[in-house]
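Peer 1: Okay, here's the structure, questions in a sec.
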Amino acid sequence: MVMSSVRSVSRTSLSVAQVIPVRQIITSVLVIKEANVGIMNLRMRMFHDANAPLADGLRRKELLSMSDKDFESKHTFIQWAFPTPESSNQVSNAPVLDLETAVWLAEKPEVSAFLEAMTVRFLEFLSVNEHWKQRYNHNHLRISRAIQSLRLLHSWELADWFYNKVKDFAGDSFPLMEEADRYWAYYASPLHDRIAGAFVGLAIGDALGAPVEFADRGTFEPVTSYRSGGRFNLPAGAWTDDTAMALCLAQSLIEKKTLENEDLLNRFCDWAANGSNTSTGIAVGIGQNTLRVLGDFRRNGYLEALPFGAKNDGNGSLMRLASVACFAKDNIEEALALASLQSKATHASRHAEQCCQILTELLCQLLNGKPLTSALEQTRKRQVNNEISAMMRRNIVEESEDDIQSDGYVINTLHAALWSTLTTDSFESAVLRACNLGDDADTTAAVAGQIAGAMYGYSNIPQDLKVGLMDERKLYVTSQFFSRKVG
């Protein structure tokens, strides 16, 4: 059986959802549309909420009791049981997940319970049948879909567990499945765990540091877990502009498949004006530089920030950066170009741009499995200005807390985040060390969370930091939409 230990977030397993009349579902979707919140995938909603028989004429609960004969001969049900963002070449009317629908599904405990049960049913089928143990078989495509769907909607741990069970059941026949395993291994790769670690790790650091932002070092009770309060009087686990802007950047990259500053700045404006992509419905933490840049964009259409004195060298473009590295992890030169472009959108600063390039290259190396020391050595080779170069050449691991400044100056933020990560041995200790530096605590911890998350992976982040984080499922699922199709 699938144990609770494979879950990325603790949930209460529920029985099949109560039947909701289809008319009520349609009405509610229209209300959502009128409220300009966006429409969920109606068919997927009907399947899960209205108990509609859309999977080869079967309802969701009926998929769990299918005979092996039906499991083998029916074809549409697998797309409903394990939906993905990719269309099916075999079933033209199969559901295709968009980001909004995927988040909606991942937030429903009963969907998570169904995915766990359906995973067990699939493994039962594979364990008692031999015909799939060959070079080519249609069940190989099903396995690919299941691994991808489980990782996206539930957790990398469950997807990896399923993949390893498939290999176990394949036994001596597994070498025959070399071509199929090219997809299976990619969809279950720890790379995706590290991507989630970097992206959600940003938010965790932000939420831990927010209550002590602007507080001088040593003047507050050390942070050991989420707490409420701070200048913005946020509830425990809430995050600020760091994460909100990272979400805007992520959604723009995912939707456009590249970076278009006009789209990015429009998303920033919607966040600032309407509270989109916030943890509380209200945008908090917007700096003077950001307000000025968004005003210039609205009034004059400027797609790059204009100089604004010392405010140019702030850390606002660094704090949201994980989105870029997660998106372009396979091509460092592309990632560096995107890092510069997104930085210029809000910061007319060569310091900010080059710090973004440094962090991007470091994150790409870490996401692809390099140890931090090796990744840092590679990153130090990049040509940057004298002040950044001098900071990168310092023996950071031997420095004391007194050597670290945690204000909003972008070079100091990168330095403090590197120190917090290099002098600790876990994700939790890294982000806590960063936020306990005080001052711009949320951003220092957000940057440290990106680095530590890429190092340790999401599966190694303590459960309480996941469960207590507001909109954790939205953040996790968004991170998994960065993954590109196997080429």
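In the structure tokens, chains take letters A, B, ... by order of appearance, with residues numbered from 1 within each chain and ligands from 1 in the order shown.
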Mind dumping a table of every stretch 302-336 of chain A residue within 7 Å of stretch 342-355 of chain A, with the nearest atom pair and its distance in Å to one decimal, using only C-alpha atoms, sorted by chain and rising number, as CSV?
Peer 2:
residue,atom,partner,partner_atom,distance
A:Leu303,CA,A:Ala345,CA,5.9
A:Glu304,CA,A:Ala345,CA,4.3
A:Ala305,CA,A:Thr346,CA,4.9
A:Leu306,CA,A:Ala348,CA,5.6
A:Pro307,CA,A:Ala348,CA,5.2
A:Asn312,CA,A:Ser349,CA,5.2
A:Asp313,CA,A:Ser349,CA,5.6
A:Gly314,CA,A:Ala352,CA,6.9
A:Asn315,CA,A:Ala352,CA,6.7
A:Ser317,CA,A:Ser343,CA,5.0
Peer 1: For stretch 133-148 of chain A, find every residue with an atom within 8 Å (counting only C-alpha atoms), except residues of its own chain fewer than 5 positions away, and show them as a PyMOL selection string.
Peer 2: chain A and resi 78-79+82-84+119+159-160+162-163+170+173-174+176-180+183-184+187-188
Peer 1: Which of these, A:Arg394, A:Arg298, A:Arg382, A:His192, has the shortest distance to A:Phe327 once you count only C-alpha atoms?
Peer 2: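 Smallest distance to A:Phe327 is found for A:His192.
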Peer 1: Rounded to one decimal, what separation in Å do you get between atom CA of A:Leu234 and atom CA of A:Asp440?
Peer 2: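 We find that atom CA of A:Leu234 and atom CA of A:Asp440 lie 15.9 Å from each other.
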Peer 1: For the interface of stretch 379-414 of chain A with stretch 423-430 of chain A (cut-off 10 Å, counting only C-alpha atoms), please tabulate each contacting residue of stretch 379-414 of chain A alongside its nearest pair of atoms and their separation in Å to one decimal, rows sorted by chain and increasing number, as a tab-separated table.
Peer 2:
residue	atom	partner	partner_atom	distance
A:Ile396	CA	A:Thr423	CA	8.5
A:Val397	CA	A:Thr423	CA	5.7
A:Glu398	CA	A:Thr423	CA	8.2
A:Glu399	CA	A:Thr423	CA	8.9
A:Ser400	CA	A:Thr423	CA	9.5
